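Shown next: run-v6.pdb, given as PDB, C-alpha atoms.
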```
ATOM      1  CA  MET F 660       0.000   0.000   0.000
ATOM      2  CA  LYS F 661       1.645   3.218  -1.171
ATOM      3  CA  THR F 662       0.638   6.842  -1.045
ATOM      4  CA  SER F 663       1.478   9.184  -3.910
ATOM      5  CA  SER F 664       4.723  11.144  -3.855
ATOM      6  CA  PHE F 665       2.718  14.366  -3.547
ATOM      7  CA  ILE F 666       1.023  13.093  -0.409
ATOM      8  CA  LYS F 667       4.320  11.885   1.062
ATOM      9  CA  GLN F 668       5.969  15.261   0.432
ATOM     10  CA  SER F 669       3.021  17.141   1.882
ATOM     11  CA  LEU F 670       2.953  14.941   4.969
ATOM     12  CA  SER F 671       6.673  15.440   5.477
ATOM     13  CA  ALA F 672       6.237  19.205   5.302
ATOM     14  CA  LEU F 673       3.469  19.020   7.872
ATOM     15  CA  ALA F 674       5.175  16.547  10.174
ATOM     16  CA  GLY F 675       6.746  19.186  12.408
ATOM     17  CA  LEU F 676       3.492  21.058  12.787
ATOM     18  CA  VAL F 677       1.482  17.946  13.585
ATOM     19  CA  ILE F 678       4.074  16.573  16.014
ATOM     20  CA  ILE F 679       4.132  19.863  17.877
ATOM     21  CA  GLY F 680       0.379  19.797  18.165
ATOM     22  CA  GLY F 681       0.374  16.152  19.225
ATOM     23  CA  SER F 682       3.161  16.457  21.775
ATOM     24  CA  ALA F 683       1.245  19.104  23.701
ATOM     25  CA  CYS F 684      -1.648  16.704  24.274
ATOM     26  CA  THR F 685      -2.328  15.539  27.797
ATOM     27  CA  PRO F 686      -5.146  13.340  29.069
ATOM     28  CA  VAL F 687      -8.440  15.210  29.045
ATOM     29  CA  LYS F 688     -11.760  14.697  30.711
ATOM     30  CA  LYS F 689     -14.802  13.524  28.787
ATOM     31  CA  GLY F 690     -16.367  16.411  26.852
ATOM     32  CA  GLU F 691     -13.184  18.507  26.717
ATOM     33  CA  TYR F 692     -11.515  19.382  23.385
ATOM     34  CA  VAL F 693      -7.822  19.003  22.668
ATOM     35  CA  THR F 694      -5.803  21.651  20.859
ATOM     36  CA  GLY F 695      -3.141  21.079  18.218
ATOM     37  CA  SER F 696      -2.873  20.172  14.529
ATOM     38  CA  ALA F 697      -3.578  17.034  12.511
ATOM     39  CA  THR F 698      -4.361  15.809   8.992
ATOM     40  CA  ILE F 699      -7.459  14.116   7.604
ATOM     41  CA  PHE F 700      -7.818  12.425   4.191
ATOM     42  CA  CYS F 701     -11.204  12.600   2.510
ATOM     43  CA  ASP F 702     -12.816  11.310  -0.664
ATOM     44  CA  ASP F 703     -13.083  14.366  -2.926
ATOM     45  CA  GLY F 704     -16.847  13.914  -3.257
ATOM     46  CA  PHE F 705     -17.309  15.162   0.299
ATOM     47  CA  ARG F 706     -15.094  18.245   0.043
ATOM     48  CA  ALA F 707     -17.966  20.703   0.639
ATOM     49  CA  ILE F 708     -18.961  18.922   3.841
ATOM     50  CA  LEU F 709     -15.472  18.689   5.304
ATOM     51  CA  ASP F 710     -14.524  22.277   4.437
ATOM     52  CA  GLU F 711     -17.500  23.586   6.414
ATOM     53  CA  GLU F 712     -16.971  21.157   9.291
ATOM     54  CA  ILE F 713     -13.344  22.255   9.639
ATOM     55  CA  GLU F 714     -14.167  25.956   9.392
ATOM     56  CA  VAL F 715     -16.783  25.752  12.149
ATOM     57  CA  PHE F 716     -14.616  23.478  14.329
ATOM     58  CA  GLU F 717     -11.609  25.803  14.098
ATOM     59  CA  TYR F 718     -13.832  28.823  14.771
ATOM     60  CA  THR F 719     -15.176  27.126  17.898
ATOM     61  CA  TYR F 720     -11.745  25.858  19.016
ATOM     62  CA  PRO F 721      -9.268  28.436  17.639
ATOM     63  CA  GLN F 722      -6.204  26.605  18.983
ATOM     64  CA  SER F 723      -7.074  23.548  16.892
ATOM     65  CA  SER F 724      -6.160  23.016  13.229
ATOM     66  CA  ILE F 725      -7.386  20.261  10.895
ATOM     67  CA  ILE F 726      -5.513  20.004   7.591
ATOM     68  CA  PRO F 727      -7.521  18.228   4.844
ATOM     69  CA  PHE F 728      -6.245  16.285   1.845
ATOM     70  CA  TYR F 729      -8.844  15.572  -0.861
ATOM     71  CA  VAL F 730      -7.979  12.353  -2.652
ATOM     72  CA  SER F 731      -9.626   9.240  -4.070
ATOM     73  CA  GLU F 732     -11.262   6.869  -1.622
ATOM     74  CA  SER F 733      -8.641   4.199  -2.286
ATOM     75  CA  GLU F 734      -5.833   6.685  -1.522
ATOM     76  CA  ALA F 735      -7.525   7.708   1.720
ATOM     77  CA  ILE F 736      -7.812   4.109   2.918
ATOM     78  CA  ASP F 737      -4.242   3.255   1.857
ATOM     79  CA  THR F 738      -2.904   6.293   3.711
ATOM     80  CA  LEU F 739      -4.717   5.322   6.910
ATOM     81  CA  LEU F 740      -3.463   1.727   6.660
ATOM     82  CA  ALA F 741       0.090   3.057   6.218
ATOM     83  CA  ASP F 742      -0.426   5.202   9.354
ATOM     84  CA  GLY F 743       0.105   8.312   7.200
ATOM     85  CA  THR F 744      -2.975   9.878   8.774
ATOM     86  CA  GLN F 745      -5.247   8.959  11.647
ATOM     87  CA  ALA F 746      -8.605   9.981  10.165
ATOM     88  CA  ILE F 747     -10.388   9.512   6.860
ATOM     89  CA  ILE F 748     -13.847  10.005   5.365
ATOM     90  CA  THR F 749     -15.001   7.278   2.965
ATOM     91  CA  THR F 750     -18.063   5.292   1.958
ATOM     92  CA  ARG F 751     -16.764   1.959   3.223
ATOM     93  CA  GLU F 752     -15.718   0.638   6.616
ATOM     94  CA  LEU F 753     -12.459  -1.094   7.314
ATOM     95  CA  ASN F 754     -12.904  -4.862   7.402
ATOM     96  CA  LYS F 755     -11.886  -7.137  10.289
ATOM     97  CA  ASP F 756      -8.492  -7.929   8.765
ATOM     98  CA  GLN F 757      -7.681  -4.247   8.288
ATOM     99  CA  ILE F 758      -8.757  -3.410  11.832
ATOM    100  CA  GLN F 759      -6.568  -6.207  13.205
ATOM    101  CA  TYR F 760      -3.668  -5.049  11.015
ATOM    102  CA  MET F 761      -3.838  -1.521  12.481
ATOM    103  CA  ARG F 762      -3.906  -2.934  15.990
ATOM    104  CA  SER F 763      -0.974  -5.326  15.520
ATOM    105  CA  LYS F 764       1.205  -3.131  13.258
ATOM    106  CA  PHE F 765       0.696   0.326  14.772
ATOM    107  CA  LYS F 766      -1.137  -0.333  18.066
ATOM    108  CA  ARG F 767      -4.076   1.696  16.739
ATOM    109  CA  VAL F 768      -7.674   1.273  17.853
ATOM    110  CA  VAL F 769     -10.076   1.840  14.947
ATOM    111  CA  ARG F 770     -13.261   3.844  15.475
ATOM    112  CA  GLN F 771     -15.684   4.069  12.566
ATOM    113  CA  GLN F 772     -19.015   5.797  12.651
ATOM    114  CA  PRO F 773     -21.573   6.522   9.903
ATOM    115  CA  ILE F 774     -21.926  10.287   9.605
ATOM    116  CA  ALA F 775     -24.225  10.578   6.575
ATOM    117  CA  VAL F 776     -26.217   8.823   3.889
ATOM    118  CA  ASP F 777     -25.148  10.072   0.480
ATOM    119  CA  ALA F 778     -26.747   9.737  -2.942
ATOM    120  CA  VAL F 779     -24.914   9.201  -6.195
ATOM    121  CA  ALA F 780     -26.436  11.696  -8.614
ATOM    122  CA  LEU F 781     -26.519  11.569 -12.404
ATOM    123  CA  ILE F 782     -26.334  15.007 -14.014
ATOM    124  CA  ILE F 783     -26.671  16.268 -17.580
ATOM    125  CA  ASN F 784     -26.586  19.579 -19.409
ATOM    126  CA  LYS F 785     -29.697  21.750 -19.043
ATOM    127  CA  ASP F 786     -30.300  21.563 -22.824
ATOM    128  CA  ASN F 787     -30.449  17.766 -22.804
ATOM    129  CA  PRO F 788     -34.115  16.585 -23.130
ATOM    130  CA  VAL F 789     -33.687  13.501 -20.929
ATOM    131  CA  ASP F 790     -35.340  13.828 -17.506
ATOM    132  CA  VAL F 791     -35.506  10.273 -16.139
ATOM    133  CA  LEU F 792     -33.413   7.121 -16.200
ATOM    134  CA  SER F 793     -34.436   3.723 -14.905
ATOM    135  CA  MET F 794     -32.044   1.484 -12.996
ATOM    136  CA  GLU F 795     -32.059  -0.856 -16.004
ATOM    137  CA  GLN F 796     -31.066   1.979 -18.355
ATOM    138  CA  ILE F 797     -28.263   3.017 -16.005
ATOM    139  CA  SER F 798     -27.013  -0.559 -16.023
ATOM    140  CA  ASP F 799     -27.162  -0.683 -19.819
ATOM    141  CA  ILE F 800     -25.169   2.569 -20.090
ATOM    142  CA  LEU F 801     -22.491   1.342 -17.686
ATOM    143  CA  ASN F 802     -22.271  -2.018 -19.478
ATOM    144  CA  GLY F 803     -21.994  -0.456 -22.946
ATOM    145  CA  LYS F 804     -25.426  -1.548 -24.223
ATOM    146  CA  ILE F 805     -26.730   2.016 -24.458
ATOM    147  CA  THR F 806     -24.156   4.315 -26.040
ATOM    148  CA  ARG F 807     -26.165   7.053 -27.807
ATOM    149  CA  TRP F 808     -28.752   9.530 -26.590
ATOM    150  CA  THR F 809     -31.228   8.463 -29.291
ATOM    151  CA  GLN F 810     -31.567   5.132 -27.456
ATOM    152  CA  LEU F 811     -33.106   7.086 -24.589
ATOM    153  CA  VAL F 812     -35.094   9.944 -26.119
ATOM    154  CA  GLY F 813     -35.355  12.126 -29.231
ATOM    155  CA  ASN F 814     -33.377  12.001 -32.445
ATOM    156  CA  ASP F 815     -29.922  12.898 -31.141
ATOM    157  CA  THR F 816     -27.603  10.115 -32.279
ATOM    158  CA  THR F 817     -24.582  11.657 -30.522
ATOM    159  CA  GLN F 818     -22.577   9.312 -28.326
ATOM    160  CA  ILE F 819     -23.162   9.559 -24.581
ATOM    161  CA  LYS F 820     -20.011  10.909 -22.938
ATOM    162  CA  LEU F 821     -19.839   9.316 -19.469
ATOM    163  CA  VAL F 822     -17.863  11.577 -17.113
ATOM    164  CA  PHE F 823     -16.710  10.616 -13.613
ATOM    165  CA  ASP F 824     -14.166  11.965 -11.156
ATOM    166  CA  ASN F 825     -11.454   9.274 -11.018
ATOM    167  CA  ALA F 826     -11.098   5.512 -11.117
ATOM    168  CA  GLY F 827     -10.417   5.246  -7.376
ATOM    169  CA  SER F 828     -13.332   7.375  -6.213
ATOM    170  CA  SER F 829     -16.181   6.164  -4.046
ATOM    171  CA  THR F 830     -18.812   6.984  -6.687
ATOM    172  CA  VAL F 831     -17.054   4.859  -9.308
ATOM    173  CA  SER F 832     -16.576   2.008  -6.824
ATOM    174  CA  TYR F 833     -20.258   2.159  -5.893
ATOM    175  CA  LEU F 834     -21.488   1.999  -9.493
ATOM    176  CA  ARG F 835     -19.025  -0.743 -10.402
ATOM    177  CA  GLU F 836     -20.136  -2.923  -7.496
ATOM    178  CA  ARG F 837     -23.814  -2.170  -8.098
ATOM    179  CA  PHE F 838     -24.017  -2.620 -11.865
ATOM    180  CA  LEU F 839     -20.960  -4.327 -13.367
ATOM    181  CA  PRO F 840     -19.898  -7.982 -13.390
ATOM    182  CA  GLU F 841     -16.827  -8.841 -11.347
ATOM    183  CA  GLY F 842     -13.597  -7.766 -12.988
ATOM    184  CA  LYS F 843     -15.151  -5.161 -15.287
ATOM    185  CA  LYS F 844     -14.323  -1.459 -14.916
ATOM    186  CA  ILE F 845     -16.262   1.654 -15.926
ATOM    187  CA  SER F 846     -13.012   3.097 -17.273
ATOM    188  CA  ASP F 847     -12.901   0.239 -19.815
ATOM    189  CA  LEU F 848     -15.775   1.852 -21.745
ATOM    190  CA  PRO F 849     -14.556   3.791 -24.802
ATOM    191  CA  ASN F 850     -16.974   6.634 -24.035
ATOM    192  CA  ALA F 851     -15.977   6.988 -20.342
ATOM    193  CA  PHE F 852     -13.725   9.883 -19.321
ATOM    194  CA  ALA F 853     -12.055  10.251 -15.910
ATOM    195  CA  GLN F 854     -11.498  13.675 -14.370
ATOM    196  CA  GLN F 855      -9.559  14.696 -11.272
ATOM    197  CA  ASN F 856     -12.459  15.675  -9.023
ATOM    198  CA  ASN F 857     -16.193  16.350  -8.747
ATOM    199  CA  SER F 858     -15.812  20.028  -9.664
ATOM    200  CA  GLN F 859     -14.356  19.128 -13.055
ATOM    201  CA  VAL F 860     -17.224  16.703 -13.688
ATOM    202  CA  PHE F 861     -19.707  19.455 -12.854
ATOM    203  CA  ASP F 862     -18.003  21.990 -15.140
ATOM    204  CA  ILE F 863     -17.895  19.594 -18.102
ATOM    205  CA  VAL F 864     -21.592  18.783 -17.786
ATOM    206  CA  LYS F 865     -22.441  22.504 -17.625
ATOM    207  CA  SER F 866     -20.764  23.084 -20.976
ATOM    208  CA  ASP F 867     -21.246  19.792 -22.876
ATOM    209  CA  PRO F 868     -24.797  18.725 -23.928
ATOM    210  CA  ASN F 869     -23.611  15.164 -24.541
ATOM    211  CA  ALA F 870     -22.070  14.562 -21.129
ATOM    212  CA  LEU F 871     -23.582  12.339 -18.431
ATOM    213  CA  GLY F 872     -21.882  13.079 -15.124
ATOM    214  CA  VAL F 873     -21.594  10.871 -12.045
ATOM    215  CA  ILE F 874     -21.236  12.895  -8.854
ATOM    216  CA  SER F 875     -22.018  12.977  -5.131
ATOM    217  CA  VAL F 876     -25.223  14.895  -4.448
ATOM    218  CA  SER F 877     -23.396  16.788  -1.682
ATOM    219  CA  ARG F 878     -21.657  18.716  -4.499
ATOM    220  CA  LEU F 879     -25.049  19.858  -5.798
ATOM    221  CA  GLY F 880     -26.635  21.431  -2.725
ATOM    222  CA  ASP F 881     -27.168  25.201  -2.892
ATOM    223  CA  ASP F 882     -27.982  25.690   0.803
ATOM    224  CA  LEU F 883     -24.388  25.394   2.009
ATOM    225  CA  SER F 884     -23.161  27.718  -0.745
ATOM    226  CA  VAL F 885     -25.657  30.333   0.414
ATOM    227  CA  ALA F 886     -24.628  29.762   4.022
ATOM    228  CA  LYS F 887     -21.013  30.627   3.127
ATOM    229  CA  ASN F 888     -22.147  34.243   2.612
ATOM    230  CA  VAL F 889     -23.285  34.419   6.250
ATOM    231  CA  PRO F 890     -20.701  35.400   8.911
ATOM    232  CA  LEU F 891     -19.360  32.425  10.858
ATOM    233  CA  ASP F 892     -20.743  33.573  14.196
ATOM    234  CA  LYS F 893     -24.258  33.708  12.719
ATOM    235  CA  ARG F 894     -23.810  30.316  11.076
ATOM    236  CA  MET F 895     -22.665  28.915  14.403
ATOM    237  CA  GLU F 896     -25.855  30.166  16.068
ATOM    238  CA  GLU F 897     -27.920  28.372  13.437
ATOM    239  CA  TYR F 898     -25.950  25.123  13.771
ATOM    240  CA  GLN F 899     -26.445  25.150  17.543
ATOM    241  CA  ASN F 900     -30.180  25.805  17.168
ATOM    242  CA  GLU F 901     -32.082  22.613  17.953
ATOM    243  CA  ASN F 902     -34.805  23.345  15.393
ATOM    244  CA  ASP F 903     -34.765  21.185  12.268
ATOM    245  CA  THR F 904     -32.737  22.354   9.321
ATOM    246  CA  ILE F 905     -32.706  20.548   6.001
ATOM    247  CA  ALA F 906     -31.372  21.369   2.597
ATOM    248  CA  THR F 907     -34.269  22.314   0.334
ATOM    249  CA  ASN F 908     -32.475  23.403  -2.831
ATOM    250  CA  LEU F 909     -30.279  21.625  -5.318
ATOM    251  CA  THR F 910     -28.402  23.513  -8.008
ATOM    252  CA  THR F 911     -30.157  24.572 -11.206
ATOM    253  CA  GLU F 912     -26.914  24.997 -13.170
ATOM    254  CA  VAL F 913     -27.236  21.424 -14.427
ATOM    255  CA  LYS F 914     -30.148  19.005 -14.758
ATOM    256  CA  ILE F 915     -30.280  16.360 -12.030
ATOM    257  CA  LEU F 916     -31.872  13.207 -13.376
ATOM    258  CA  LYS F 917     -34.667  11.410 -11.572
ATOM    259  CA  VAL F 918     -34.261   7.653 -11.232
ATOM    260  CA  SER F 919     -36.964   4.973 -11.291
ATOM    261  CA  ASN F 920     -36.611   1.446  -9.990
ATOM    262  CA  PRO F 921     -39.568  -0.709 -11.103
ATOM    263  CA  THR F 922     -39.109  -3.926  -9.140
ATOM    264  CA  GLU F 923     -41.364  -6.473  -7.530
ATOM    265  CA  GLU F 924     -40.633  -4.915  -4.138
ATOM    266  CA  ASN F 925     -42.290  -1.612  -5.154
ATOM    267  CA  ASP F 926     -45.042  -3.144  -7.336
ATOM    268  CA  TYR F 927     -43.075  -2.242 -10.478
ATOM    269  CA  SER F 928     -43.763   1.441  -9.922
ATOM    270  CA  LEU F 929     -42.486   3.703 -12.710
ATOM    271  CA  ILE F 930     -42.367   6.767 -10.436
ATOM    272  CA  ALA F 931     -38.925   8.347 -10.577
ATOM    273  CA  TYR F 932     -37.312  10.275  -7.742
ATOM    274  CA  ALA F 933     -34.656  12.968  -7.533
ATOM    275  CA  PRO F 934     -31.930  12.675  -4.869
ATOM    276  CA  TYR F 935     -33.577  14.937  -2.295
ATOM    277  CA  GLN F 936     -33.028  14.195   1.398
ATOM    278  CA  ALA F 937     -36.567  12.900   2.001
ATOM    279  CA  TYR F 938     -36.260  10.395  -0.853
ATOM    280  CA  ILE F 939     -32.791   9.343   0.295
ATOM    281  CA  TYR F 940     -34.267   8.714   3.745
ATOM    282  CA  SER F 941     -37.281   6.793   2.448
ATOM    283  CA  GLY F 942     -35.175   4.686   0.078
ATOM    284  CA  GLU F 943     -37.283   5.765  -2.913
ATOM    285  CA  TYR F 944     -34.179   7.226  -4.535
ATOM    286  CA  PRO F 945     -32.234   4.009  -5.164
ATOM    287  CA  LEU F 946     -28.588   5.124  -5.538
ATOM    288  CA  VAL F 947     -27.546   5.639  -1.914
ATOM    289  CA  ARG F 948     -24.642   4.651   0.334
ATOM    290  CA  LYS F 949     -23.392   5.425   3.844
ATOM    291  CA  VAL F 950     -20.531   7.814   4.544
ATOM    292  CA  TYR F 951     -18.140   6.943   7.377
ATOM    293  CA  MET F 952     -15.630   8.834   9.434
ATOM    294  CA  ILE F 953     -12.866   6.438  10.454
ATOM    295  CA  SER F 954     -10.347   7.389  13.138
ATOM    296  CA  THR F 955      -7.361   5.657  14.703
ATOM    297  CA  ALA F 956      -6.510   8.654  16.884
ATOM    298  CA  SER F 957      -6.252   8.207  20.640
ATOM    299  CA  ASN F 958      -8.573  10.072  22.992
ATOM    300  CA  SER F 959      -6.155  12.826  23.972
ATOM    301  CA  THR F 960      -5.670  14.167  20.434
ATOM    302  CA  VAL F 961      -7.154  16.944  18.359
ATOM    303  CA  LEU F 962      -8.323  14.386  15.767
ATOM    304  CA  HIS F 963     -10.396  12.557  18.348
ATOM    305  CA  SER F 964     -11.933  15.894  19.326
ATOM    306  CA  PHE F 965     -12.799  16.493  15.678
ATOM    307  CA  TYR F 966     -14.257  12.967  15.422
ATOM    308  CA  VAL F 967     -16.512  13.718  18.407
ATOM    309  CA  PHE F 968     -17.479  17.052  16.826
ATOM    310  CA  MET F 969     -18.417  15.592  13.433
ATOM    311  CA  THR F 970     -20.477  12.786  14.932
ATOM    312  CA  GLY F 971     -22.170  15.146  17.398
ATOM    313  CA  PHE F 972     -25.121  17.517  17.069
ATOM    314  CA  VAL F 973     -23.420  20.491  15.392
ATOM    315  CA  GLY F 974     -21.406  18.306  13.012
ATOM    316  CA  GLN F 975     -24.560  16.497  11.949
ATOM    317  CA  LYS F 976     -26.455  19.777  11.578
ATOM    318  CA  ILE F 977     -23.800  21.002   9.149
ATOM    319  CA  ILE F 978     -24.242  17.868   7.029
ATOM    320  CA  SER F 979     -27.981  18.531   6.884
ATOM    321  CA  ARG F 980     -27.243  21.701   4.892
ATOM    322  CA  THR F 981     -25.313  19.929   2.130
ATOM    323  CA  GLY F 982     -28.075  18.012   0.362
ATOM    324  CA  ILE F 983     -27.211  14.590   1.756
ATOM    325  CA  LEU F 984     -28.759  13.014   4.830
ATOM    326  CA  PRO F 985     -27.082  13.313   8.248
ATOM    327  CA  TYR F 986     -26.934   9.845   9.758
ATOM    328  CA  GLN F 987     -28.287  10.811  13.168
ATOM    329  CA  MET F 988     -31.041  13.261  12.179
ATOM    330  CA  ASN F 989     -34.374  12.579  10.487
ATOM    331  CA  PRO F 990     -35.526  14.838   7.616
ATOM    332  CA  ARG F 991     -38.786  16.679   7.340
ATOM    333  CA  VAL F 992     -40.747  16.661   4.099
ATOM    334  CA  ILE F 993     -41.830  20.202   3.234
ATOM    335  CA  GLN F 994     -44.880  20.546   1.038
ATOM    336  CA  VAL F 995     -45.112  23.752  -0.958
ATOM    337  CA  ILE F 996     -48.691  24.693  -1.894
TER     338      ILE F 996
END
```
What does this structure look like when you write it as structure tokens?
Amino acid sequence: MKTSSFIKQSLSALAGLVIIGGSACTPVKKGEYVTGSATIFCDDGFRAILDEEIEVFEYTYPQSSIIPFYVSESEAIDTLLADGTQAIITTRELNKDQIQYMRSKFKRVVRQQPIAVDAVALIINKDNPVDVLSMEQISDILNGKITRWTQLVGNDTTQIKLVFDNAGSSTVSYLRERFLPEGKKISDLPNAFAQQNNSQVFDIVKSDPNALGVISVSRLGDDLSVAKNVPLDKRMEEYQNENDTIATNLTTEVKILKVSNPTEENDYSLIAYAPYQAYIYSGEYPLVRKVYMISTASNSTVLHSFYVFMTGFVGQKIISRTGILPYQMNPRVIQVI
């Protein structure tokens, strides 16, 4: 298991800072927060969530610093297993063998907690006439059976350009495991194009009418973008407020496809659902997966304090503003008349 040279160089540059922060740690009582600096590696699909979590955490605890690295999910897991960081955010848990490896090799105790339920969204250009895809059509696209838009709707015979972030991302892993036979890769398709991150996928879809983008729905929520214009002290008041807060708006810069899943379990219903929080919660939107924060940090460290923060009330409230579902909070369905 190897990290990239960029990551190794960056970690080396940060080593002094992190060690200083860690060496100042002393045992703390339950509920207290530790100061210092540490790194966290996160699947790029959840960048918007982690950026806001860190900003609010550091505002609340100004002597603490969390330094994020946004990488593929596979890189995040490999870095944790190499003890190159002590916290990651991914869509899969460590298995029993990996947990035992961390204990025997590095004397690390693994904590892993679901923090959210995410949806994989399919996005297209606003000028594209397609509005809905079925699970069967998605499977046919990913397996190369549907390659042109005319096979879905209209007279456009242009080839579908499938755009995803990178081969090691959590969204690609999810679709591969859900739709492809063992050993087959999405990147094997001649019309599939890997990018570096979710932002590049979004930008390509905005400008290319033939692109079909695969992206985390947390990248599509407008509520958190609007919140960024509010001063941090006011945002903090809202996050601490115990009233419900949910994300109600997804971006209109691209078209977010609804997905239907006519199976025996739902009486072969043809109703299609967009990846809104209520439909993620109900399971009516079918492309969902859990998001985990995994930590090997000991109690008396700033990373453990951040782990407690993200899995606590304020951390979960922040997630509720991103468009995905916080794991420990139930959504409300708002009816607009």
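When the PyMOL selection byres ((chain F and resi 764-773) around 7) is evaluated against the file, it yields Glu752, Ile758, Tyr760, Met761, Arg762, Ser763, Ile774, Ala775, Lys949, Val950, Tyr951, Met952, Ile953, Ser954, Thr955 and Tyr986 of chain F.
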For Tyr966 (chain F): contacts at 12 Å, all atoms listed in the file, fewer than 4 positions along chain excluded, given as a tab-separated table (two decimals) with C-alpha atoms, in the frame of the given file:
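Dumped to out-v6.tsv:
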```tsv
chain	number	residue	atom	x	y	z
F	692	TYR	CA	-11.52	19.38	23.38
F	693	VAL	CA	-7.82	19.00	22.67
F	697	ALA	CA	-3.58	17.03	12.51
F	699	ILE	CA	-7.46	14.12	7.60
F	709	LEU	CA	-15.47	18.69	5.30
F	712	GLU	CA	-16.97	21.16	9.29
F	713	ILE	CA	-13.34	22.26	9.64
F	716	PHE	CA	-14.62	23.48	14.33
F	725	ILE	CA	-7.39	20.26	10.90
F	745	GLN	CA	-5.25	8.96	11.65
F	746	ALA	CA	-8.60	9.98	10.16
F	747	ILE	CA	-10.39	9.51	6.86
F	748	ILE	CA	-13.85	10.01	5.36
F	769	VAL	CA	-10.08	1.84	14.95
F	770	ARG	CA	-13.26	3.84	15.48
F	771	GLN	CA	-15.68	4.07	12.57
F	772	GLN	CA	-19.02	5.80	12.65
F	773	PRO	CA	-21.57	6.52	9.90
F	774	ILE	CA	-21.93	10.29	9.60
F	951	TYR	CA	-18.14	6.94	7.38
F	952	MET	CA	-15.63	8.83	9.43
F	953	ILE	CA	-12.87	6.44	10.45
F	954	SER	CA	-10.35	7.39	13.14
F	955	THR	CA	-7.36	5.66	14.70
F	956	ALA	CA	-6.51	8.65	16.88
F	957	SER	CA	-6.25	8.21	20.64
F	958	ASN	CA	-8.57	10.07	22.99
F	959	SER	CA	-6.16	12.83	23.97
F	960	THR	CA	-5.67	14.17	20.43
F	961	VAL	CA	-7.15	16.94	18.36
F	962	LEU	CA	-8.32	14.39	15.77
F	970	THR	CA	-20.48	12.79	14.93
F	971	GLY	CA	-22.17	15.15	17.40
F	972	PHE	CA	-25.12	17.52	17.07
F	973	VAL	CA	-23.42	20.49	15.39
F	974	GLY	CA	-21.41	18.31	13.01
F	975	GLN	CA	-24.56	16.50	11.95
```
> Suppose you want the space between CA of Asp777 (chain F) and CA of Pro849 (chain F); what is it in Å?
Replying inline: 28.1 Å
>> Just want the 8 Å neighbourhood of Arg807 (chain F), counted on only C-alpha atoms, with same-chain residues fewer than 3 positions away dropped. Output as a PyMOL selection string.
In response: chain F and resi 810-811+815-819
Find the nearest atom pair between each residue of region 730-799 of chain F and region 851-873 of chain F for residues within 8 Å, count all atoms listed in the file, give distances in Å to one decimal, sort rows by chain and ascending number, and present the table as CSV.
```
residue,atom,partner,partner_atom,distance
F:Val779,CA,F:Val873,CA,6.9
F:Ala780,CA,F:Val873,CA,6.0
F:Leu781,CA,F:Val873,CA,5.0
F:Ile782,CA,F:Gly872,CA,5.0
F:Ile783,CA,F:Leu871,CA,5.1
F:Asn784,CA,F:Pro868,CA,4.9
F:Lys785,CA,F:Lys865,CA,7.4
F:Asp786,CA,F:Pro868,CA,6.3
F:Asn787,CA,F:Pro868,CA,5.8
```
> Nearest to Ile726 (chain F): which of F:Thr744, F:Thr911, F:Asn814, F:Ser828 is it, counting all atoms listed in the file?
Replying inline: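 Of all the options, F:Thr744 lies closest to Ile726 (chain F).
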>> For a test of reading the model, state the distance in Å between CA of Thr719 (chain F) and CA of Leu984 (chain F), rounded to one decimal.
In response: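 CA of Leu984 (chain F) lies at a distance of 23.5 Å from CA of Thr719 (chain F).
Our summary of the geometry notes that CA of Ile845 (chain F) is positioned 12.1 Å from CA of Ile797 (chain F).
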> So, counting only C-alpha atoms, which residue among F:Ile800, F:Met969, F:Val730, F:Leu879 is closest to Asp824 (chain F)?
Replying inline: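 Checking each of F:Ile800, F:Met969, F:Val730, F:Leu879 against Asp824 (chain F), counting only C-alpha atoms, the winner is F:Val730.
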>> Excluding Thr922 (chain F) and its own-chain neighbours fewer than 5 positions away, which residues fall within 12 Å of it when counting all atoms listed in the file? Please give them as a ChimeraX atom specification.
In response: /F:793-795,927-930,943,945
Explicit residues for the PyMOL selection byres ((chain F and resi 917) around 9) (as a short mmCIF file (atom, residue, chain, number, x, y, z; two decimals) with C-alpha atoms, keeping the file's coordinate frame):
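Result saved to selection-v2.cif:
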```cif
data_model
loop_
_atom_site.label_atom_id
_atom_site.label_comp_id
_atom_site.auth_asym_id
_atom_site.auth_seq_id
_atom_site.Cartn_x
_atom_site.Cartn_y
_atom_site.Cartn_z
CA ALA F 780 -26.44 11.70 -8.61
CA LEU F 781 -26.52 11.57 -12.40
CA ASP F 790 -35.34 13.83 -17.51
CA VAL F 791 -35.51 10.27 -16.14
CA LEU F 792 -33.41 7.12 -16.20
CA SER F 793 -34.44 3.72 -14.90
CA ILE F 915 -30.28 16.36 -12.03
CA LEU F 916 -31.87 13.21 -13.38
CA VAL F 918 -34.26 7.65 -11.23
CA SER F 919 -36.96 4.97 -11.29
CA ALA F 931 -38.92 8.35 -10.58
CA TYR F 932 -37.31 10.28 -7.74
CA ALA F 933 -34.66 12.97 -7.53
CA PRO F 934 -31.93 12.68 -4.87
CA TYR F 944 -34.18 7.23 -4.54
#
```
>> Could you check the closest approach to Glu691 (chain F) for each of F:Glu734, F:Leu848, F:Leu739, F:Tyr720 and tell me which residue wins, using all atoms listed in the file?
In response: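 Checking each of F:Glu734, F:Leu848, F:Leu739, F:Tyr720 against Glu691 (chain F), counting all atoms listed in the file, the winner is F:Tyr720.
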